[in-house]
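> Provided herewith: entry.cif, mmCIF, C-alpha atoms.
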data_entry
loop_
_atom_site.label_atom_id
_atom_site.label_comp_id
_atom_site.auth_asym_id
_atom_site.auth_seq_id
_atom_site.Cartn_x
_atom_site.Cartn_y
_atom_site.Cartn_z
CA MET A 407 -8.81 -49.68 16.09
CA ARG A 408 -8.12 -46.82 13.68
CA MET A 409 -8.93 -43.18 14.58
CA GLY A 410 -12.46 -42.33 13.51
CA GLN A 411 -13.68 -45.98 13.65
CA ALA A 412 -16.85 -46.63 15.68
CA TRP A 413 -16.75 -49.43 18.24
CA ARG A 414 -19.23 -51.39 20.33
CA GLY A 415 -18.71 -50.98 24.09
CA ASP A 416 -20.35 -52.34 27.25
CA GLY A 417 -24.10 -52.47 27.18
CA GLY A 418 -24.14 -52.87 23.40
CA ARG A 419 -24.06 -49.13 22.68
CA TRP A 420 -22.23 -47.77 19.63
CA LEU A 421 -19.61 -45.28 20.76
CA LEU A 422 -17.53 -42.79 18.76
CA PRO A 423 -13.91 -41.75 19.30
CA ALA A 424 -13.44 -38.63 21.45
CA ALA A 425 -11.92 -36.62 18.61
CA LEU A 426 -14.94 -37.22 16.42
CA LEU A 427 -17.35 -36.45 19.26
CA CYS A 428 -15.52 -33.15 19.91
CA SER A 429 -15.80 -32.25 16.24
CA PHE A 430 -19.56 -32.89 16.28
CA PHE A 431 -19.93 -30.90 19.51
CA LEU A 432 -17.99 -27.89 18.26
CA ARG A 433 -19.96 -27.76 15.02
CA GLU A 434 -23.22 -27.91 16.96
CA VAL A 435 -22.14 -25.14 19.33
CA ALA A 436 -21.02 -22.98 16.40
CA ALA A 437 -24.35 -23.46 14.66
CA GLN A 438 -26.29 -22.42 17.78
CA THR A 439 -24.05 -19.51 18.86
CA PRO A 440 -24.85 -16.24 17.09
CA ALA A 441 -21.91 -14.33 15.62
CA PRO A 442 -20.89 -11.39 17.79
CA ALA A 443 -22.38 -8.11 16.61
CA VAL A 444 -20.02 -5.69 14.91
CA LEU A 445 -20.41 -2.65 17.14
CA LEU A 446 -18.88 -0.12 14.73
CA THR A 447 -18.88 -0.19 10.92
CA LEU A 448 -17.18 2.56 8.90
CA ASP A 449 -18.40 2.91 5.30
CA SER A 450 -16.71 6.22 4.46
CA PRO A 451 -13.99 7.29 3.99
CA LEU A 452 -12.35 4.42 2.12
CA GLN A 453 -8.72 3.41 2.09
CA TRP A 454 -6.79 5.47 -0.53
CA GLN A 455 -9.77 7.72 -1.18
CA VAL A 456 -9.07 11.28 -2.32
CA PHE A 457 -11.64 13.99 -1.60
CA GLN A 458 -11.80 17.12 -3.72
CA ARG A 459 -10.71 20.24 -1.87
CA HIS A 460 -13.00 23.27 -2.11
CA SER A 461 -10.24 25.78 -1.41
CA PRO A 462 -6.42 25.71 -1.45
CA ARG A 463 -6.48 24.91 2.26
CA ALA A 464 -9.34 22.48 2.91
CA GLY A 465 -11.93 20.01 1.67
CA ARG A 466 -14.97 18.19 2.97
CA VAL A 467 -14.75 14.51 3.88
CA GLU A 468 -17.76 12.30 4.50
CA VAL A 469 -17.63 10.16 7.65
CA ARG A 470 -20.42 7.59 7.55
CA GLY A 471 -21.24 4.22 9.10
CA ARG A 472 -23.21 2.44 11.80
CA ALA A 473 -22.68 2.06 15.56
CA LEU A 474 -24.62 -0.46 17.66
CA GLN A 475 -25.29 0.00 21.39
CA ALA A 476 -23.61 3.41 21.33
CA ASP A 477 -25.01 6.82 22.22
CA GLN A 478 -22.25 8.92 20.68
CA VAL A 479 -19.78 8.75 17.78
CA GLU A 480 -16.65 10.86 17.32
CA ALA A 481 -14.03 11.15 14.59
CA ARG A 482 -10.58 12.69 14.30
CA TRP A 483 -7.81 13.07 11.73
CA VAL A 484 -4.28 11.98 12.50
CA GLY A 485 -1.46 13.36 10.36
CA THR A 486 -2.71 16.91 9.93
CA ALA A 487 -0.64 19.88 11.05
CA GLN A 488 -2.52 19.94 14.35
CA PRO A 489 -0.21 18.92 17.21
CA ALA A 490 -3.01 17.02 18.97
CA PRO A 491 -5.92 15.99 16.74
CA GLU A 492 -9.25 16.77 18.36
CA TRP A 493 -12.25 14.48 18.35
CA GLN A 494 -15.26 15.84 16.47
CA ARG A 495 -18.78 14.67 17.23
CA VAL A 496 -20.65 12.91 14.41
CA PRO A 497 -24.48 13.05 14.49
CA MET A 498 -26.26 9.73 15.02
CA ALA A 499 -29.73 8.59 13.98
CA ALA A 500 -32.04 6.41 16.09
CA ASP A 501 -31.10 3.30 14.11
CA GLY A 502 -27.41 3.74 14.92
CA THR A 503 -26.35 5.13 11.56
CA PHE A 504 -24.11 8.17 11.64
CA ALA A 505 -22.99 10.63 8.99
CA ALA A 506 -21.24 13.97 8.82
CA THR A 507 -19.27 16.00 6.32
CA LEU A 508 -16.21 17.31 8.14
CA GLU A 509 -13.78 20.01 7.11
CA VAL A 510 -10.26 18.59 6.74
CA PRO A 511 -7.06 20.41 5.76
CA ALA A 512 -5.85 19.84 2.22
CA GLY A 513 -3.10 17.25 2.11
CA GLY A 514 -2.54 13.72 3.30
CA TRP A 515 -2.28 10.93 3.60
CA TYR A 516 -4.29 11.11 6.84
CA ARG A 517 -5.60 8.46 9.20
CA CYS A 518 -9.29 8.75 10.00
CA GLU A 519 -10.12 7.36 13.44
CA VAL A 520 -13.70 6.85 14.63
CA ARG A 521 -14.87 5.76 18.07
CA ALA A 522 -18.26 4.75 19.46
CA LEU A 523 -19.08 5.71 23.04
CA LEU A 524 -21.67 4.61 25.57
CA GLY A 525 -22.14 6.80 28.59
CA GLY A 526 -18.83 8.48 27.84
CA GLN A 527 -16.96 5.16 27.82
CA ARG A 528 -15.26 3.82 24.70
CA LEU A 529 -17.25 0.97 23.20
CA ALA A 530 -15.54 0.33 19.84
CA GLU A 531 -13.05 1.88 17.41
CA ALA A 532 -12.43 1.80 13.66
CA ALA A 533 -9.85 3.48 11.47
CA VAL A 534 -8.94 4.03 7.82
CA GLY A 535 -5.45 5.04 6.76
CA GLN A 536 -4.33 6.92 3.65
CA VAL A 537 -7.21 9.33 3.17
CA GLY A 538 -6.37 12.42 1.13
CA VAL A 539 -7.80 15.87 0.43
CA GLY A 540 -6.55 17.12 -2.91
CA GLU A 541 -7.50 17.09 -6.58
CA VAL A 542 -9.82 14.56 -8.25
CA PHE A 543 -10.33 14.10 -12.00
CA VAL A 544 -12.79 11.95 -13.97
CA VAL A 545 -11.15 10.48 -17.08
CA ALA A 546 -13.35 9.30 -19.97
CA GLY A 547 -13.32 8.54 -23.68
CA GLN A 548 -11.91 5.63 -25.63
CA SER A 549 -8.81 3.43 -25.45
CA ASN A 550 -6.16 6.12 -25.06
CA SER A 551 -8.06 7.43 -22.03
CA ALA A 552 -8.11 3.90 -20.61
CA ASN A 553 -5.69 0.96 -20.15
CA TYR A 554 -4.39 0.22 -23.64
CA GLY A 555 -0.85 1.57 -23.41
CA GLU A 556 2.03 -0.69 -24.36
CA GLN A 557 3.66 -0.52 -20.91
CA LYS A 558 2.07 -0.63 -17.46
CA LEU A 559 3.11 2.24 -15.22
CA GLN A 560 2.82 3.02 -11.53
CA PRO A 561 3.13 6.19 -9.47
CA ALA A 562 6.53 6.94 -7.99
CA SER A 563 5.28 9.41 -5.40
CA GLY A 564 2.89 7.14 -3.47
CA ARG A 565 0.38 10.02 -3.56
CA VAL A 566 -1.77 9.04 -6.55
CA ALA A 567 -4.95 6.98 -6.14
CA ALA A 568 -7.67 5.62 -8.39
CA GLY A 569 -11.34 4.98 -7.66
CA SER A 570 -13.70 2.65 -9.45
CA GLY A 571 -16.90 3.97 -7.90
CA GLN A 572 -16.95 1.25 -5.23
CA SER A 573 -13.37 1.23 -3.93
CA TRP A 574 -10.05 3.08 -4.12
CA ARG A 575 -6.45 1.92 -4.41
CA GLU A 576 -3.06 3.17 -5.49
CA ALA A 577 -3.17 4.17 -9.17
CA ILE A 578 -1.06 1.29 -10.48
CA ASP A 579 -1.89 0.22 -14.04
CA PRO A 580 -4.28 -1.03 -15.19
CA GLN A 581 -6.54 1.61 -13.69
CA PRO A 582 -9.74 0.33 -12.03
CA GLY A 583 -13.01 1.25 -13.69
CA ALA A 584 -11.60 1.63 -17.22
CA GLU A 585 -11.30 -0.99 -19.95
CA GLY A 586 -8.08 -2.69 -20.98
CA GLY A 587 -5.29 -4.51 -19.19
CA GLY A 588 -2.30 -2.38 -20.19
CA GLY A 589 -0.88 0.99 -19.28
CA SER A 590 -2.23 4.52 -18.96
CA PHE A 591 -0.96 8.09 -18.71
CA LEU A 592 -2.50 8.56 -15.25
CA PRO A 593 0.39 7.45 -12.98
CA PRO A 594 2.90 9.98 -14.40
CA LEU A 595 0.25 12.68 -14.66
CA GLY A 596 -0.73 12.12 -11.03
CA ASP A 597 2.90 12.26 -9.90
CA ALA A 598 3.45 15.52 -11.77
CA LEU A 599 0.27 17.13 -10.41
CA SER A 600 1.04 16.04 -6.85
CA ALA A 601 4.56 17.46 -7.08
CA ARG A 602 3.24 20.71 -8.53
CA PHE A 603 0.39 21.28 -6.07
CA GLY A 604 1.53 19.43 -2.95
CA VAL A 605 -1.61 17.31 -2.43
CA PRO A 606 -2.76 13.76 -3.21
CA ILE A 607 -4.29 13.21 -6.65
CA GLY A 608 -7.27 10.97 -7.36
CA PHE A 609 -8.49 9.65 -10.71
CA VAL A 610 -11.87 8.11 -11.55
CA ALA A 611 -11.18 6.38 -14.87
CA CYS A 612 -14.05 5.08 -17.00
CA GLY A 613 -12.78 4.97 -20.59
CA ILE A 614 -14.16 2.31 -22.97
CA GLY A 615 -12.04 1.05 -25.84
CA ALA A 616 -13.02 1.83 -29.46
CA THR A 617 -16.10 3.86 -28.54
CA SER A 618 -17.61 6.49 -30.79
CA VAL A 619 -18.96 9.68 -29.29
CA ARG A 620 -22.36 8.33 -30.41
CA GLU A 621 -22.04 5.51 -27.90
CA TRP A 622 -21.63 8.01 -25.02
CA LEU A 623 -24.83 9.90 -25.80
CA PRO A 624 -27.73 9.82 -23.32
CA VAL A 625 -30.44 7.34 -24.22
CA GLY A 626 -32.98 8.70 -26.68
CA THR A 627 -30.53 10.91 -28.58
CA LEU A 628 -30.99 10.14 -32.27
CA PHE A 629 -28.41 10.02 -35.07
CA PRO A 630 -28.61 8.96 -38.74
CA ASN A 631 -25.72 6.49 -39.11
CA PRO A 632 -24.26 3.96 -36.66
CA PRO A 633 -20.64 3.81 -35.52
CA THR A 634 -18.36 0.99 -36.64
CA LEU A 635 -19.17 -1.02 -33.49
CA THR A 636 -22.87 -1.30 -32.70
CA GLY A 637 -22.93 -3.05 -29.31
CA ARG A 638 -24.00 0.13 -27.48
CA VAL A 639 -26.41 1.53 -30.06
CA ARG A 640 -29.66 0.29 -31.56
CA GLN A 641 -31.63 0.91 -34.72
CA LEU A 642 -35.18 2.19 -34.53
CA PRO A 643 -38.02 1.06 -36.83
CA ASP A 644 -37.77 4.26 -38.88
CA GLY A 645 -34.10 3.48 -39.69
CA ARG A 646 -32.55 6.02 -37.37
CA TRP A 647 -30.19 5.02 -34.53
CA GLU A 648 -29.84 5.85 -30.87
CA SER A 649 -27.41 5.11 -28.05
CA ASP A 650 -28.57 2.67 -25.39
CA GLY A 651 -27.38 5.24 -22.82
CA ALA A 652 -25.29 2.75 -20.80
CA ALA A 653 -21.96 4.55 -21.19
CA PHE A 654 -23.45 7.94 -20.31
CA CYS A 655 -25.24 6.52 -17.27
CA MET A 656 -22.01 4.90 -16.09
CA LEU A 657 -20.14 8.18 -16.54
CA LEU A 658 -22.75 10.14 -14.60
CA GLU A 659 -22.83 7.55 -11.83
CA ARG A 660 -19.04 7.67 -11.45
CA MET A 661 -19.23 11.46 -11.23
CA LYS A 662 -21.81 11.23 -8.44
CA GLN A 663 -19.79 8.63 -6.52
CA SER A 664 -16.55 10.62 -6.52
CA SER A 665 -17.00 12.39 -3.14
CA PRO A 666 -19.12 15.03 -1.38
CA GLY A 667 -16.90 17.74 -2.85
CA GLY A 668 -17.18 16.25 -6.30
CA PHE A 669 -14.17 16.48 -8.57
CA ARG A 670 -12.19 19.17 -10.33
CA ALA A 671 -12.78 18.38 -14.01
CA VAL A 672 -13.42 15.76 -16.69
CA LEU A 673 -10.50 14.79 -18.95
CA TRP A 674 -11.98 13.65 -22.29
CA HIS A 675 -9.82 11.81 -24.85
CA GLN A 676 -11.86 10.39 -27.74
CA GLY A 677 -12.35 10.80 -31.47
CA GLU A 678 -10.37 8.08 -33.18
CA SER A 679 -13.45 5.86 -33.62
CA ASP A 680 -15.37 8.67 -35.31
CA ALA A 681 -12.59 9.67 -37.71
CA ASN A 682 -11.57 8.11 -41.04
CA GLN A 683 -13.40 4.79 -40.65
CA ALA A 684 -12.87 2.02 -43.23
CA ASP A 685 -16.59 2.17 -44.00
CA ALA A 686 -17.05 5.84 -44.86
CA SER A 687 -20.71 5.70 -43.84
CA ARG A 688 -19.55 5.06 -40.25
CA THR A 689 -17.32 8.15 -40.19
CA LEU A 690 -18.97 10.96 -38.26
CA PRO A 691 -19.07 14.40 -39.88
CA GLY A 692 -17.36 17.08 -37.80
CA PRO A 693 -20.51 19.19 -37.21
CA LEU A 694 -22.31 16.15 -35.78
CA TYR A 695 -19.32 15.29 -33.58
CA ARG A 696 -19.46 18.81 -32.18
CA GLU A 697 -23.21 18.57 -31.62
CA TYR A 698 -23.05 15.19 -29.90
CA LEU A 699 -20.12 15.93 -27.59
CA THR A 700 -21.72 19.25 -26.67
CA GLU A 701 -24.88 17.34 -25.75
CA ILE A 702 -22.93 14.89 -23.56
CA ILE A 703 -21.26 17.78 -21.74
CA ARG A 704 -24.54 19.65 -21.33
CA GLN A 705 -26.40 16.62 -20.02
CA SER A 706 -23.58 15.74 -17.59
CA ARG A 707 -23.76 19.24 -16.13
CA GLN A 708 -27.51 19.03 -15.85
CA GLY A 709 -27.26 15.64 -14.15
CA MET A 710 -24.71 16.92 -11.63
CA GLY A 711 -26.44 20.22 -11.08
CA ARG A 712 -23.34 22.31 -11.67
CA GLU A 713 -21.06 23.60 -14.41
CA ILE A 714 -18.48 20.82 -14.55
CA PRO A 715 -15.28 21.83 -16.38
CA TRP A 716 -14.40 19.52 -19.30
CA PHE A 717 -11.02 19.32 -21.02
CA VAL A 718 -11.30 18.00 -24.59
CA ALA A 719 -8.19 16.60 -26.28
CA GLN A 720 -7.57 16.64 -30.01
CA ALA A 721 -7.53 12.92 -30.74
CA THR A 722 -7.97 11.39 -34.22
CA TYR A 723 -4.65 9.58 -34.92
CA HIS A 724 -4.76 5.97 -36.12
CA VAL A 725 -1.49 4.80 -37.71
CA PRO A 726 1.28 6.25 -39.89
CA GLY A 727 -0.40 7.55 -43.04
CA ASP A 728 -3.68 8.08 -41.20
CA GLU A 729 -2.51 10.60 -38.64
CA ALA A 730 -5.34 13.11 -38.34
CA SER A 731 -8.88 13.99 -39.32
CA PRO A 732 -9.09 17.75 -39.97
CA ASP A 733 -12.88 17.51 -39.75
CA ILE A 734 -13.02 15.96 -36.27
CA ARG A 735 -10.12 18.09 -35.04
CA ALA A 736 -11.99 21.20 -36.14
CA ALA A 737 -15.05 20.01 -34.21
CA GLN A 738 -12.99 19.43 -31.06
CA ALA A 739 -11.39 22.87 -31.44
CA ALA A 740 -14.82 24.49 -31.96
CA ILE A 741 -16.09 23.05 -28.66
CA VAL A 742 -13.21 24.84 -26.98
CA ALA A 743 -13.61 28.04 -28.99
CA ASP A 744 -17.28 28.45 -28.11
CA GLY A 745 -16.56 28.05 -24.39
CA THR A 746 -18.22 24.66 -23.93
CA ALA A 747 -14.94 23.02 -22.88
CA LEU A 748 -11.29 23.72 -22.13
CA ALA A 749 -8.47 22.72 -24.46
CA GLY A 750 -6.87 19.38 -23.74
CA PRO A 751 -3.61 18.27 -25.37
CA ASP A 752 -3.06 17.70 -29.06
CA SER A 753 -2.30 14.00 -28.81
CA ASP A 754 -2.25 13.64 -32.61
CA SER A 755 1.20 15.26 -32.37
CA LEU A 756 2.54 12.14 -30.64
CA LYS A 757 3.95 9.93 -33.40
CA GLY A 758 6.86 7.60 -34.07
CA GLU A 759 8.50 6.42 -30.85
CA TRP A 760 5.54 7.66 -28.82
CA ARG A 761 3.27 4.98 -30.36
CA GLU A 762 3.18 1.24 -29.74
CA ALA A 763 4.78 -1.46 -31.92
CA GLY A 764 7.70 0.72 -32.88
CA GLY A 765 5.47 3.56 -34.04
CA LYS A 766 3.05 1.43 -36.05
CA GLY A 767 0.08 1.40 -33.66
CA VAL A 768 -2.67 3.68 -32.43
CA HIS A 769 -1.94 3.28 -28.71
CA PHE A 770 0.97 4.82 -26.83
CA SER A 771 4.30 3.21 -26.03
CA GLY A 772 5.69 3.45 -22.49
CA PRO A 773 7.60 6.66 -23.31
CA GLY A 774 4.52 7.85 -25.19
CA LEU A 775 2.39 7.51 -22.05
CA GLU A 776 4.92 9.64 -20.18
CA GLN A 777 4.83 12.24 -22.96
CA HIS A 778 1.05 12.14 -23.08
CA ALA A 779 1.01 12.90 -19.33
CA ARG A 780 3.31 15.91 -19.91
CA LEU A 781 0.95 17.28 -22.55
CA TRP A 782 -2.00 16.95 -20.18
CA LEU A 783 -0.02 18.64 -17.40
CA GLU A 784 0.70 21.60 -19.67
CA LYS A 785 -3.05 22.13 -20.11
CA ILE A 786 -4.29 21.35 -16.60
CA ALA A 787 -1.67 22.98 -14.36
CA PRO A 788 -1.95 26.65 -15.48
CA TRP A 789 -5.74 26.47 -15.39
CA LEU A 790 -5.74 24.85 -11.92
CA GLU A 791 -3.37 27.48 -10.57
CA GLU A 792 -5.86 30.13 -11.63
CA GLN A 793 -8.74 28.24 -10.00
CA LEU A 794 -6.88 28.08 -6.70
CA LYS A 795 -6.46 31.86 -6.68
CA ARG A 796 -10.21 32.41 -6.59
#
As a first step, turn the structure in this file into structure tokens.

Amino acid sequence: MRMGQAWRGDGGRWLLPAALLCSFFLREVAAQTPAPAVLLTLDSPLQWQVFQRHSPRAGRVEVRGRALQADQVEARWVGTAQPAPEWQRVPMAADGTFAATLEVPAGGWYRCEVRALLGGQRLAEAAVGQVGVGEVFVVAGQSNSANYGEQKLQPASGRVAAGSGQSWREAIDPQPGAEGGGGSFLPPLGDALSARFGVPIGFVACGIGATSVREWLPVGTLFPNPPTLTGRVRQLPDGRWESDGAAFCMLLERMKQSSPGGFRAVLWHQGESDANQADASRTLPGPLYREYLTEIIRQSRQGMGREIPWFVAQATYHVPGDEASPDIRAAQAAIVADGTALAGPDSDSLKGEWREAGGKGVHFSGPGLEQHARLWLEKIAPWLEEQLKR
């Protein structure tokens, strides 16, 4: 008889092979046996997460989760300068959830260890490695703020991370949360900032390729003419247009998800899709560009409840022969001049070898991404040094 074949034994009963009976039995037991309860769940911090420091020496890190059957939860940080990390008590609610915002020295990576106790005895443990306290930046705009570079890059320092709003990982291109499958300027910028300031660097990238500033406006903001791409805008019965608000809502949500300490600044690189469009009616006049970007900045600050610093790059370059829009550049400069934003780099100055396809494209080549990062560093680093003195 072959394995698995039923046979008729004494008494006329149909019997099954032992192996098959064991399989049936185990499946039945598994179906009736409840899965063991997870006694300790840690929701924050996340692996690779960077928390914004509030002073040169420290930042606040959220420790949050759920402990079952426990009457006490404690956390500690391994890897700080302390010779023997001390356990810190984390408040618990009646339903077992726990949450606390703990002061942690600037630096990292650290290992966050959490333990659940019952009657002073250890019940369960959980841990997350590679948690940092340093500098966090939100990066927004269109393709050259996202993953459209000709060459994928990765950090060399091991101290640069990227968050998508739901998770964090090492900032290896393409960056999570932003459009495109190519390279970005964030890995070399993060390496340079980490070397300069001695802390981990975190980026929350949310750029969307080919977007006009009109597409980033909060819902209900009206404008007379649509951008070249209309997937994120809609026309009203009276002929005017408005943004659907999706990009702005996403940006604001990413800002709120960054960490309890927030983030240092927004890096805005956008303007190409408003400048020198093939259909002149889709080109945005400079005064309107200034008005709309100012509104985005104002509404983001209102939504976050604080004066978020914004860096605004000068970005209008398309291809050789169409290398700048004086009108849009003047609008970007005016936003800086009136104090609404800080000056980002002049990326229109990056031409020739710094652009893709041998200098023929709008996006950056591999060396161009490196150079773009250097230009951003020149703007961010002196300003950040001044902030850390306060």
> Report the residues retrieved by the PyMOL selection byres ((chain A and resi 463-466) around 9) from the displayed file, expressed as an NGL selection string.
:A and (457-462 or 467-468 or 507-513 or 539-540 or 665-667)
> Write a file of the just-selected residues containing C-alpha atoms, as a short mmCIF file (atom, residue, chain, number, x, y, z; two decimals), in the coordinates of the input.

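Below you can see again-v6.cif, which holds the result:
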data_model
loop_
_atom_site.label_atom_id
_atom_site.label_comp_id
_atom_site.auth_asym_id
_atom_site.auth_seq_id
_atom_site.Cartn_x
_atom_site.Cartn_y
_atom_site.Cartn_z
CA PHE A 457 -11.64 13.99 -1.60
CA GLN A 458 -11.80 17.12 -3.72
CA ARG A 459 -10.71 20.24 -1.87
CA HIS A 460 -13.00 23.27 -2.11
CA SER A 461 -10.24 25.78 -1.41
CA PRO A 462 -6.42 25.71 -1.45
CA VAL A 467 -14.75 14.51 3.88
CA GLU A 468 -17.76 12.30 4.50
CA THR A 507 -19.27 16.00 6.32
CA LEU A 508 -16.21 17.31 8.14
CA GLU A 509 -13.78 20.01 7.11
CA VAL A 510 -10.26 18.59 6.74
CA PRO A 511 -7.06 20.41 5.76
CA ALA A 512 -5.85 19.84 2.22
CA GLY A 513 -3.10 17.25 2.11
CA VAL A 539 -7.80 15.87 0.43
CA GLY A 540 -6.55 17.12 -2.91
CA SER A 665 -17.00 12.39 -3.14
CA PRO A 666 -19.12 15.03 -1.38
CA GLY A 667 -16.90 17.74 -2.85
#
> Around the point (-21.2, 4.1, 17.0), in the coordinates given by the file, pick out the residues reaching within 10 Å, counting all atoms listed in the file, and return them as JSON, numbers by chain.
{"A": [445, 446, 447, 448, 471, 472, 473, 474, 475, 476, 477, 478, 479, 480, 496, 497, 498, 502, 503, 504, 520, 521, 522, 523, 524, 528, 529, 530, 531, 532]}
> Quick check on the file I pasted: which residues fall under the PyMOL selection byres ((chain A and resi 710) around 12)? Write them as a list in words.
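Written out, the selection comes to Cys655, Leu657, Leu658, Glu659, Arg660, Met661, Lys662, Gln663, Ser664, Pro666, Gly667, Gly668, Phe669, Ile703, Arg704, Gln705, Ser706, Arg707, Gln708, Gly709, Gly711, Arg712, Glu713, Ile714 and Pro715 of chain A.
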> Which residues come within 9 Å of A:Gly564, counting all atoms listed in the file, excluding same-chain residues fewer than 4 positions away, as a list in words?
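Counting only the stated atoms, we get Glu576, Ala577, Asp597 and Pro606 of chain A.
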> List the residues selected by the PyMOL selection byres ((chain A and resi 724) around 12) in the file shown, writing them as a compact mmCIF listing (two decimals) with C-alpha atoms, keeping the file's coordinate frame.

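The resulting file, out.txt, is reproduced below:
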# COMPACT_ATOMS: atom_id res chain seq x y z
CA SER A 549 -8.81 3.43 -25.45
CA ASN A 550 -6.16 6.12 -25.06
CA ALA A 616 -13.02 1.83 -29.46
CA GLN A 676 -11.86 10.39 -27.74
CA GLY A 677 -12.35 10.80 -31.47
CA GLU A 678 -10.37 8.08 -33.18
CA SER A 679 -13.45 5.86 -33.62
CA ASP A 680 -15.37 8.67 -35.31
CA ALA A 681 -12.59 9.67 -37.71
CA ASN A 682 -11.57 8.11 -41.04
CA GLN A 683 -13.40 4.79 -40.65
CA ALA A 684 -12.87 2.02 -43.23
CA ALA A 721 -7.53 12.92 -30.74
CA THR A 722 -7.97 11.39 -34.22
CA TYR A 723 -4.65 9.58 -34.92
CA VAL A 725 -1.49 4.80 -37.71
CA PRO A 726 1.28 6.25 -39.89
CA GLY A 727 -0.40 7.55 -43.04
CA ASP A 728 -3.68 8.08 -41.20
CA GLU A 729 -2.51 10.60 -38.64
CA ALA A 730 -5.34 13.11 -38.34
CA SER A 731 -8.88 13.99 -39.32
CA SER A 753 -2.30 14.00 -28.81
CA ASP A 754 -2.25 13.64 -32.61
CA SER A 755 1.20 15.26 -32.37
CA LEU A 756 2.54 12.14 -30.64
CA LYS A 757 3.95 9.93 -33.40
CA GLY A 758 6.86 7.60 -34.07
CA ARG A 761 3.27 4.98 -30.36
CA GLU A 762 3.18 1.24 -29.74
CA GLY A 765 5.47 3.56 -34.04
CA LYS A 766 3.05 1.43 -36.05
CA GLY A 767 0.08 1.40 -33.66
CA VAL A 768 -2.67 3.68 -32.43
CA HIS A 769 -1.94 3.28 -28.71
CA PHE A 770 0.97 4.82 -26.83
> Reconstruct N, CA and C atoms of stretch 605-619 of chain A; output as a PDB file, keeping the file's coordinate frame.

ATOM      1  N   VAL A 605      -0.484  18.044  -3.016  1.00  0.00           N
ATOM      2  CA  VAL A 605      -1.610  17.310  -2.430  1.00  0.00           C
ATOM      3  C   VAL A 605      -1.751  15.961  -3.131  1.00  0.00           C
ATOM      4  N   PRO A 606      -2.462  15.020  -2.511  1.00  0.00           N
ATOM      5  CA  PRO A 606      -2.760  13.760  -3.210  1.00  0.00           C
ATOM      6  C   PRO A 606      -3.647  14.004  -4.425  1.00  0.00           C
ATOM      7  N   ILE A 607      -3.503  13.125  -5.410  1.00  0.00           N
ATOM      8  CA  ILE A 607      -4.290  13.210  -6.650  1.00  0.00           C
ATOM      9  C   ILE A 607      -5.119  11.945  -6.797  1.00  0.00           C
ATOM     10  N   GLY A 608      -6.390  12.109  -7.140  1.00  0.00           N
ATOM     11  CA  GLY A 608      -7.270  10.970  -7.360  1.00  0.00           C
ATOM     12  C   GLY A 608      -7.834  10.982  -8.772  1.00  0.00           C
ATOM     13  N   PHE A 609      -7.899   9.798  -9.382  1.00  0.00           N
ATOM     14  CA  PHE A 609      -8.490   9.650 -10.710  1.00  0.00           C
ATOM     15  C   PHE A 609      -9.657   8.673 -10.640  1.00  0.00           C
ATOM     16  N   VAL A 610     -10.733   9.018 -11.348  1.00  0.00           N
ATOM     17  CA  VAL A 610     -11.870   8.110 -11.550  1.00  0.00           C
ATOM     18  C   VAL A 610     -11.902   7.828 -13.046  1.00  0.00           C
ATOM     19  N   ALA A 611     -11.322   6.708 -13.450  1.00  0.00           N
ATOM     20  CA  ALA A 611     -11.180   6.380 -14.870  1.00  0.00           C
ATOM     21  C   ALA A 611     -12.340   5.518 -15.334  1.00  0.00           C
ATOM     22  N   CYS A 612     -12.917   5.863 -16.489  1.00  0.00           N
ATOM     23  CA  CYS A 612     -14.050   5.080 -17.000  1.00  0.00           C
ATOM     24  C   CYS A 612     -14.057   5.008 -18.522  1.00  0.00           C
ATOM     25  N   GLY A 613     -12.865   5.057 -19.140  1.00  0.00           N
ATOM     26  CA  GLY A 613     -12.780   4.970 -20.590  1.00  0.00           C
ATOM     27  C   GLY A 613     -13.174   3.582 -21.108  1.00  0.00           C
ATOM     28  N   ILE A 614     -13.734   3.555 -22.312  1.00  0.00           N
ATOM     29  CA  ILE A 614     -14.160   2.310 -22.970  1.00  0.00           C
ATOM     30  C   ILE A 614     -13.501   2.242 -24.338  1.00  0.00           C
ATOM     31  N   GLY A 615     -12.785   1.172 -24.599  1.00  0.00           N
ATOM     32  CA  GLY A 615     -12.040   1.050 -25.840  1.00  0.00           C
ATOM     33  C   GLY A 615     -12.911   1.103 -27.084  1.00  0.00           C
ATOM     34  N   ALA A 616     -12.425   1.796 -28.115  1.00  0.00           N
ATOM     35  CA  ALA A 616     -13.020   1.830 -29.460  1.00  0.00           C
ATOM     36  C   ALA A 616     -14.394   2.473 -29.514  1.00  0.00           C
ATOM     37  N   THR A 617     -14.759   3.266 -28.530  1.00  0.00           N
ATOM     38  CA  THR A 617     -16.100   3.860 -28.540  1.00  0.00           C
ATOM     39  C   THR A 617     -16.164   5.137 -29.367  1.00  0.00           C
ATOM     40  N   SER A 618     -17.242   5.262 -30.100  1.00  0.00           N
ATOM     41  CA  SER A 618     -17.610   6.490 -30.790  1.00  0.00           C
ATOM     42  C   SER A 618     -18.268   7.441 -29.808  1.00  0.00           C
ATOM     43  N   VAL A 619     -18.241   8.724 -30.118  1.00  0.00           N
ATOM     44  CA  VAL A 619     -18.960   9.680 -29.290  1.00  0.00           C
ATOM     45  C   VAL A 619     -20.451   9.356 -29.289  1.00  0.00           C
TER      46      VAL A 619
END
